[in-house]
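A.B. asks: To be precise about what I am sending: the file is called run-v1.txt and holds compact mmCIF, C-alpha atoms.
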# COMPACT_ATOMS: atom_id res chain seq x y z
CA MET A 104 -31.40 0.04 -6.06
CA ALA A 105 -30.58 -3.26 -7.62
CA PHE A 106 -29.54 -1.88 -10.96
CA GLU A 107 -27.43 0.89 -9.60
CA SER A 108 -24.74 1.50 -12.16
CA LYS A 109 -21.35 2.13 -10.64
CA PRO A 110 -18.20 3.01 -12.61
CA ALA A 111 -16.14 0.04 -13.57
CA ALA A 112 -13.15 1.26 -11.59
CA SER A 113 -14.99 1.10 -8.30
CA ARG A 114 -17.07 -1.94 -9.26
CA GLY A 115 -14.07 -4.13 -9.87
CA PHE A 116 -12.87 -5.62 -13.09
CA LEU A 117 -15.04 -8.34 -14.67
CA SER A 118 -17.30 -8.82 -11.70
CA GLY A 119 -19.74 -11.48 -12.71
CA THR A 120 -21.88 -11.38 -9.59
CA SER A 121 -23.76 -8.47 -8.16
CA PHE A 122 -24.11 -8.53 -4.40
CA ASP A 123 -26.52 -5.62 -4.47
CA LEU A 124 -29.11 -8.00 -5.84
CA LEU A 125 -28.76 -10.25 -2.80
CA ARG A 126 -28.91 -7.33 -0.41
CA ASN A 127 -32.29 -6.14 -1.66
CA ARG A 128 -33.93 -9.53 -1.49
CA ASN A 129 -36.99 -9.59 0.72
CA SER A 130 -36.34 -12.27 3.32
CA VAL A 131 -40.06 -12.92 4.00
CA THR A 132 -41.42 -13.39 0.53
CA GLY A 133 -38.17 -14.23 -1.18
CA SER A 134 -38.98 -11.80 -3.97
CA LEU A 135 -36.81 -8.98 -5.10
CA GLY A 136 -37.86 -5.59 -3.84
CA SER A 137 -36.67 -3.46 -6.70
CA GLN A 138 -36.75 -6.02 -9.49
CA THR A 139 -40.10 -4.76 -10.74
CA SER A 140 -38.92 -1.24 -11.48
CA VAL A 141 -37.54 -0.61 -14.94
CA PRO A 142 -33.81 0.09 -14.87
CA PRO A 143 -32.76 3.48 -16.21
CA LEU A 144 -31.70 3.67 -19.82
CA GLY A 145 -28.19 2.40 -20.52
CA CYS A 146 -27.93 0.66 -17.14
CA ARG A 147 -29.30 -2.73 -18.09
CA PRO A 148 -27.08 -5.38 -16.56
CA LEU A 149 -25.36 -8.03 -18.59
CA HIS A 150 -26.89 -11.46 -18.63
CA ALA A 151 -24.06 -12.75 -16.47
CA SER A 152 -24.89 -10.34 -13.66
CA SER A 153 -28.49 -11.45 -13.21
CA ILE A 154 -29.45 -13.92 -10.51
CA LEU A 155 -28.29 -17.43 -11.24
CA SER A 156 -27.90 -20.59 -9.26
CA GLU A 157 -24.48 -21.10 -7.71
CA SER A 158 -23.66 -23.96 -10.08
CA ALA A 159 -24.56 -21.98 -13.18
CA LYS A 160 -22.69 -18.89 -12.08
CA GLY A 161 -19.23 -20.22 -12.82
CA ILE A 162 -20.28 -21.44 -16.24
CA THR A 163 -21.82 -18.19 -17.41
CA SER A 164 -19.13 -15.92 -16.07
CA ASN A 165 -16.42 -17.99 -17.73
CA ARG A 166 -18.30 -18.32 -21.01
CA PRO A 167 -16.40 -16.95 -24.02
CA LEU A 168 -17.78 -13.70 -25.40
CA SER A 169 -19.28 -13.40 -28.83
CA PRO A 170 -16.46 -12.52 -31.24
CA ASN A 171 -14.11 -15.20 -29.96
CA LEU A 172 -10.91 -14.22 -31.71
CA ILE A 173 -8.93 -17.14 -30.31
CA LEU A 174 -11.05 -19.68 -32.16
CA LYS A 175 -11.01 -17.89 -35.50
CA LYS A 176 -8.39 -18.52 -38.13
CA PRO A 177 -6.49 -15.25 -38.72
CA GLN A 178 -7.64 -13.89 -42.08
CA LEU A 179 -5.37 -11.75 -44.19
CA SER A 180 -7.94 -8.96 -44.50
CA ALA A 181 -8.63 -8.91 -40.77
CA THR A 182 -4.92 -8.86 -39.96
CA TYR A 183 -4.43 -6.02 -42.43
CA SER A 184 -7.30 -4.09 -40.91
CA ILE A 185 -6.08 -4.53 -37.34
CA SER A 186 -2.50 -3.59 -38.16
CA HIS A 187 -3.75 -0.64 -40.26
CA ARG A 188 -5.58 0.74 -37.27
CA ILE A 189 -2.67 0.13 -34.91
CA PHE A 190 -0.18 1.88 -37.18
CA GLY A 191 -2.63 4.68 -37.88
CA ALA A 192 -3.13 5.32 -34.20
CA ALA A 193 0.63 5.20 -33.59
CA LEU A 194 1.36 7.56 -36.47
CA GLY A 195 -1.32 9.99 -35.38
CA THR A 196 -0.01 9.95 -31.83
CA ALA A 197 3.54 10.57 -33.02
CA ILE A 198 2.49 13.50 -35.21
CA LEU A 199 0.33 15.08 -32.53
CA ILE A 200 2.81 14.64 -29.73
CA THR A 201 5.92 15.97 -31.53
CA PRO A 202 5.17 19.71 -31.12
CA ILE A 203 4.06 19.05 -27.53
CA ILE A 204 7.39 17.37 -26.77
CA MET A 205 9.21 20.30 -28.38
CA LYS A 206 7.23 22.73 -26.23
CA PHE A 207 7.93 20.80 -23.04
CA SER A 208 11.59 20.18 -23.83
CA VAL A 209 12.38 23.90 -24.06
CA VAL A 210 10.97 24.55 -20.60
CA TYR A 211 12.08 21.39 -18.79
CA ASP A 212 15.53 20.82 -20.30
CA VAL A 213 17.69 23.13 -18.24
CA MET B 279 24.09 30.69 -65.04
CA ALA B 280 20.36 30.82 -64.33
CA ASP B 281 19.55 29.29 -67.70
CA GLU B 282 21.83 26.34 -67.08
CA MET B 283 20.12 25.36 -63.82
CA GLY B 284 16.63 24.61 -65.11
CA PHE B 285 13.32 25.61 -63.62
CA LEU B 286 13.20 23.35 -60.57
CA ARG B 287 16.76 23.98 -59.55
CA ARG B 288 16.34 27.73 -59.97
CA HIS B 289 13.18 27.65 -57.87
CA PHE B 290 14.99 25.70 -55.18
CA GLU B 291 17.81 28.22 -55.12
CA ASP B 292 15.25 31.00 -54.72
CA VAL B 293 13.41 29.52 -51.76
CA LYS B 294 16.33 27.78 -50.06
CA GLU B 295 17.23 30.65 -47.74
CA HIS B 296 13.60 31.21 -46.87
CA TRP B 297 13.09 27.65 -45.74
CA ARG B 298 16.43 27.56 -43.99
CA SER B 299 15.34 30.47 -41.83
CA ASN B 300 11.95 28.87 -41.29
CA PHE B 301 13.53 25.66 -39.99
CA SER B 302 16.31 27.39 -38.07
CA TYR B 303 14.68 26.42 -34.77
CA LEU B 304 15.80 22.85 -35.48
CA ASP B 305 19.40 23.95 -34.90
CA TYR B 306 18.55 24.01 -31.20
CA TYR B 307 18.12 20.25 -31.25
CA LYS B 308 21.33 19.83 -33.19
CA LYS B 309 23.12 21.75 -30.45
CA THR B 310 21.43 20.04 -27.51
CA LEU B 311 20.70 16.48 -28.65
CA GLY B 312 23.18 16.13 -31.51
CA ARG B 313 26.36 16.49 -29.51
CA ARG B 314 29.06 13.94 -30.14
CA GLU B 315 29.75 13.51 -26.42
CA PRO B 316 27.25 14.81 -23.86
CA LEU B 317 28.02 17.77 -21.63
CA PRO B 318 28.96 17.07 -18.03
CA LYS B 319 25.98 16.95 -15.68
CA TRP B 320 24.93 20.20 -14.06
CA ASN B 321 22.76 20.82 -11.04
CA ASP B 322 20.52 23.61 -9.82
CA ALA B 323 23.40 25.42 -8.13
CA ASP B 324 25.22 25.71 -11.46
CA VAL B 325 22.15 27.18 -13.12
CA GLU B 326 21.70 29.61 -10.24
CA GLU B 327 25.31 30.67 -10.67
CA PHE B 328 24.70 31.39 -14.34
CA ILE B 329 21.51 33.32 -13.54
CA ALA B 330 23.41 35.47 -11.06
CA SER B 331 26.30 36.04 -13.44
CA ASP B 332 24.44 36.92 -16.64
CA PRO B 333 22.47 40.19 -16.54
CA VAL B 334 20.62 39.61 -19.85
CA TYR B 335 19.97 35.89 -20.15
CA GLY B 336 19.97 35.16 -16.40
CA PRO B 337 16.51 36.66 -15.74
CA GLN B 338 15.19 34.96 -18.87
CA LEU B 339 16.38 31.56 -17.72
CA LYS B 340 15.04 32.30 -14.24
CA ALA B 341 11.57 33.02 -15.67
CA LEU B 342 11.80 29.88 -17.79
CA ARG B 343 12.67 27.77 -14.76
CA GLU B 344 9.88 29.27 -12.68
CA SER B 345 7.38 28.45 -15.42
CA LYS B 346 8.01 24.74 -14.84
CA LYS B 347 5.79 24.97 -11.77
CA TYR B 348 2.89 26.25 -13.84
CA GLY B 349 3.13 23.27 -16.18
CA ILE B 350 3.26 20.78 -13.31
CA ALA B 351 0.38 22.44 -11.48
CA GLY B 352 -1.68 22.49 -14.66
CA ALA B 353 -0.92 18.83 -15.31
CA LEU B 354 -2.01 17.85 -11.81
CA LEU B 355 -5.16 19.93 -12.11
CA GLY B 356 -6.02 18.52 -15.52
CA ALA B 357 -5.36 14.94 -14.41
CA ALA B 358 -7.52 15.39 -11.33
CA HIS B 359 -10.32 17.00 -13.29
CA LEU B 360 -10.58 14.64 -16.26
CA GLY B 361 -9.59 11.63 -14.16
CA GLY B 362 -12.25 12.49 -11.60
CA ILE B 363 -14.95 12.78 -14.24
CA SER B 364 -13.96 9.47 -15.80
CA TRP B 365 -13.74 7.82 -12.38
CA LYS B 366 -17.29 8.90 -11.74
CA TYR B 367 -18.82 8.07 -15.10
CA SER B 368 -16.59 5.68 -17.04
CA LYS B 369 -17.52 2.03 -17.32
CA SER B 370 -14.04 0.89 -18.29
CA PRO B 371 -10.86 0.89 -16.17
CA HIS B 372 -8.59 1.69 -19.10
CA GLY B 373 -10.83 4.64 -19.95
CA PHE B 374 -10.02 6.08 -16.54
CA VAL B 375 -6.28 5.63 -17.16
CA PHE B 376 -6.43 7.19 -20.64
CA ALA B 377 -8.56 10.09 -19.44
CA THR B 378 -6.18 10.82 -16.57
CA GLY B 379 -3.19 10.83 -18.92
CA PHE B 380 -4.93 13.00 -21.46
CA GLY B 381 -6.05 15.38 -18.73
CA ALA B 382 -2.46 15.67 -17.50
CA LEU B 383 -1.23 16.37 -21.04
CA CYS B 384 -3.85 19.03 -21.74
CA GLY B 385 -3.42 20.56 -18.29
CA GLY B 386 0.35 20.71 -18.72
CA VAL B 387 0.06 22.47 -22.07
CA PHE B 388 -2.49 24.87 -20.65
CA GLY B 389 -0.34 25.51 -17.58
CA LEU B 390 2.63 26.39 -19.77
CA GLU B 391 0.38 28.72 -21.73
CA VAL B 392 -0.54 30.48 -18.49
CA ALA B 393 3.14 30.72 -17.60
CA GLU B 394 3.85 32.17 -21.03
CA HIS B 395 1.67 35.15 -20.16
CA VAL B 396 2.34 35.47 -16.42
CA LYS B 397 6.12 35.22 -16.80
CA GLN B 398 6.03 36.99 -20.18
CA LEU B 399 8.01 34.23 -21.87
CA TYR B 400 6.82 35.45 -25.27
CA LYS B 401 9.15 38.42 -24.97
CA PHE B 402 12.35 36.45 -25.43
CA ASP B 403 13.79 33.48 -27.27
CA LYS B 404 13.43 30.51 -24.93
CA GLN B 405 15.78 28.29 -26.91
CA ALA B 406 18.43 31.00 -26.88
CA ALA B 407 18.14 31.36 -23.10
CA ASN B 408 18.77 27.63 -22.71
CA LEU B 409 21.62 27.67 -25.21
CA ARG B 410 23.32 30.59 -23.42
CA PHE B 411 23.46 28.52 -20.27
CA LEU B 412 24.70 25.46 -22.17
CA TYR B 413 27.48 27.47 -23.83
CA TRP B 414 28.43 29.02 -20.49
CA TRP B 415 28.50 25.56 -18.88
CA GLU B 416 30.50 24.16 -21.76
CA ASP B 417 33.07 26.93 -21.49
CA LYS B 418 33.23 26.53 -17.74
CA THR B 419 33.70 22.77 -17.65
CA LEU B 420 35.39 21.93 -20.95
CA GLY B 421 37.08 25.27 -21.60
CA SER B 422 40.61 24.18 -20.87
CA GLN B 423 40.21 20.89 -22.77
CA GLN B 424 38.87 22.65 -25.84
CA LEU B 425 41.80 25.03 -25.96
CA SER B 426 44.25 22.16 -25.90
CA SER B 427 42.52 19.86 -28.35
CA SER B 428 40.73 22.58 -30.39
CA ALA B 429 37.70 20.37 -30.89
CA PRO B 430 34.73 21.75 -32.83
CA ARG B 431 32.01 23.28 -30.73
CA ASN B 432 29.15 21.04 -31.81
Is it possible to give me this structure as C-alpha cells?

C.D. replies:
Amino acid sequence: MAFESKPAASRGFLSGTSFDLLRNRNSVTGSLGSQTSVPPLGCRPLHASSILSESAKGITSNRPLSPNLILKKPQLSATYSISHRIFGAALGTAILITPIIMKFSVVYDV
Amino acid sequence: MADEMGFLRRHFEDVKEHWRSNFSYLDYYKKTLGRREPLPKWNDADVEEFIASDPVYGPQLKALRESKKYGIAGALLGAAHLGGISWKYSKSPHGFVFATGFGALCGGVFGLEVAEHVKQLYKFDKQAANLRFLYWWEDKTLGSQQLSSSAPRN
C-alpha cells in the first residue's frame, strides 16, 4: 500500500521521500499499482512525499514551511502570547506536580 | 482585649490554630529539607537495623519501603502501555516521549495507590515513620556531638 501510514517514530524524522512508492511501481507499464485507490481518511501524504524528479526533491524537502517565524519581525503581541502560553504551561505543571512530588517523596525518601 | 483587636485580627486569632493544624504536614519538610546541615548518609543496612530495633515504627517503615516496588512496577507498566499506544499511533516523535513520561507518572501514582491498600499504608502516619528513622539516625550518628555542643534539633 503506497499510502500506508506509519507512526513518525518508526518512519524517521522529517523523511521527505517515501520508498514505498518506488517499491509498488509496476516495472512493465511504469504506472503505480496502488496510486488509483483513494487513501484512507487522515492519511493523505504531504506534497513533499509525492513522487518528484530527483532534482526537484531537494528543493521541495528543504522548502520553508508556511508560518516562517524566522523571517517575521517579532511583534510585541505575538511575543506576549507565546510567553503567556509558556508561563501558563509551566505554572500549571508546577501546580499539578507539587502534590505528586509530595506523595513520592514520602515513600522514596528513606 | 477583643474589642481592641478589630474584626479582621479577631477573626485571624480565631482561625489561626485551625489552619496551623491543617498545614502541620508541612513541618515534615521543615525537618527533612530545612536542616541547617544535612544528616550523614545512611544506607539500607542502617534502615534495616532501625526496622529490627523498633517494634512500633519498624514494621511501618518496612511496609513503606516495600511499597516502593509497587510504584516502580506501576511506572514501568504505565510507560509501556501509554508509550506503546503512542508508538503505534502517534505521528510525532515528541508525542511518543511525552506519552511515555505521562504514562510513567500515572502508572507510578496508581502503583503507590495499590501499595497503599495492599500494604495498608493508610493505617499509619507515613511521614512519622520516616521521621522516627531520621531521629534515630540523628541520635545514633550525631548524639555525642549534640550533647557537647547542645545544638538545636532542627

A.B. asks: So that I can see what lies close to region 301-308 of chain B, please list as a list in words the residues with an atom at most 10 Å from it, counting all atoms listed in the file and leaving out residues fewer than 4 positions away in the same chain.

C.D. replies: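 Neighbouring residues, sequence-local ones excluded: Met205, Ser208 and Val209 of chain A; Glu295, His296, Trp297, Gly312, Arg313, Gln405, Ala406, Asn408, Leu409 and Asn432 of chain B.
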
A.B. asks: For the atom pair CA of His289 (chain B) and CA of Ile198 (chain A), what is the interatomic distance in Å to one decimal place?

C.D. replies: 28.8 Å

A.B. asks: Please give the centre and size of the box around region 315-329 of chain B (axis-aligned, containing every atom listed in the file, 4 Å added per side), with values in Å to one decimal and written as JSON.

C.D. replies:
{"center_x": 25.1, "center_y": 23.4, "center_z": -17.3, "size_x": 17.2, "size_y": 27.8, "size_z": 26.3}

A.B. asks: So what do you get for CA of His359 (chain B) versus CA of Gly386 (chain B), distance-wise?

C.D. replies: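 Interatomic distance, CA of His359 (chain B) to CA of Gly386 (chain B): 12.5 Å.
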
A.B. asks: What separation in Å, quoted to one decimal, exists between CA of Lys175 (chain A) and CA of Gly191 (chain A)?

C.D. replies: 24.2 Å

A.B. asks: Per residue of chain B within 6 Å of chain A, what are the shortest atom pair and its distance in Å to one decimal, counting all atoms listed in the file, with rows by chain and residue number, as JSON lines?

C.D. replies:
{"residue": "B:Tyr367", "atom": "CA", "partner": "A:Pro110", "partner_atom": "CA", "distance": 5.7}
{"residue": "B:Ser368", "atom": "CA", "partner": "A:Pro110", "partner_atom": "CA", "distance": 5.4}
{"residue": "B:Lys369", "atom": "CA", "partner": "A:Ala111", "partner_atom": "CA", "distance": 4.5}
{"residue": "B:Ser370", "atom": "CA", "partner": "A:Ala111", "partner_atom": "CA", "distance": 5.2}
{"residue": "B:Pro371", "atom": "CA", "partner": "A:Ala112", "partner_atom": "CA", "distance": 5.1}

A.B. asks: Could you give me, as a PyMOL selection string, the residues within 12 Å of Phe380 (chain B), counting all atoms listed in the file and dropping anything in the same chain fewer than 6 positions from it?

C.D. replies: (chain A and resi 196+200) or (chain B and resi 353-361+364+373-374+386-387)

A.B. asks: Would you export the selected residues with C-alpha atoms as a short mmCIF file (atom, residue, chain, number, x, y, z; two decimals), in the coordinates of the input, please?

C.D. replies:
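File produced: part_10.cif:
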data_model
loop_
_atom_site.label_atom_id
_atom_site.label_comp_id
_atom_site.auth_asym_id
_atom_site.auth_seq_id
_atom_site.Cartn_x
_atom_site.Cartn_y
_atom_site.Cartn_z
CA THR A 196 -0.01 9.95 -31.83
CA ILE A 200 2.81 14.64 -29.73
CA ALA B 353 -0.92 18.83 -15.31
CA LEU B 354 -2.01 17.85 -11.81
CA LEU B 355 -5.16 19.93 -12.11
CA GLY B 356 -6.02 18.52 -15.52
CA ALA B 357 -5.36 14.94 -14.41
CA ALA B 358 -7.52 15.39 -11.33
CA HIS B 359 -10.32 17.00 -13.29
CA LEU B 360 -10.58 14.64 -16.26
CA GLY B 361 -9.59 11.63 -14.16
CA SER B 364 -13.96 9.47 -15.80
CA GLY B 373 -10.83 4.64 -19.95
CA PHE B 374 -10.02 6.08 -16.54
CA GLY B 386 0.35 20.71 -18.72
CA VAL B 387 0.06 22.47 -22.07
#

A.B. asks: Within 12 Å of Asp292 (chain B), counting only C-alpha atoms, which residues qualify if same-chain residues fewer than 6 places away don't, as an NGL selection string?

C.D. replies: :B and (280 or 283 or 285-286 or 298)

A.B. asks: Counting all atoms listed in the file, select every polymer residue within 9 Å of (6.8, 25.2, -15.4) as defined in the file's coordinates, and provide the selection as a short mmCIF file (atom, residue, chain, number, x, y, z; two decimals) with C-alpha atoms, in the coordinates of the input.

C.D. replies:
data_model
loop_
_atom_site.label_atom_id
_atom_site.label_comp_id
_atom_site.auth_asym_id
_atom_site.auth_seq_id
_atom_site.Cartn_x
_atom_site.Cartn_y
_atom_site.Cartn_z
CA PHE A 207 7.93 20.80 -23.04
CA VAL A 210 10.97 24.55 -20.60
CA TYR A 211 12.08 21.39 -18.79
CA LEU B 342 11.80 29.88 -17.79
CA ARG B 343 12.67 27.77 -14.76
CA GLU B 344 9.88 29.27 -12.68
CA SER B 345 7.38 28.45 -15.42
CA LYS B 346 8.01 24.74 -14.84
CA LYS B 347 5.79 24.97 -11.77
CA TYR B 348 2.89 26.25 -13.84
CA GLY B 349 3.13 23.27 -16.18
CA ILE B 350 3.26 20.78 -13.31
CA ALA B 351 0.38 22.44 -11.48
CA GLY B 352 -1.68 22.49 -14.66
CA GLY B 386 0.35 20.71 -18.72
CA GLY B 389 -0.34 25.51 -17.58
CA LEU B 390 2.63 26.39 -19.77
CA ALA B 393 3.14 30.72 -17.60
#
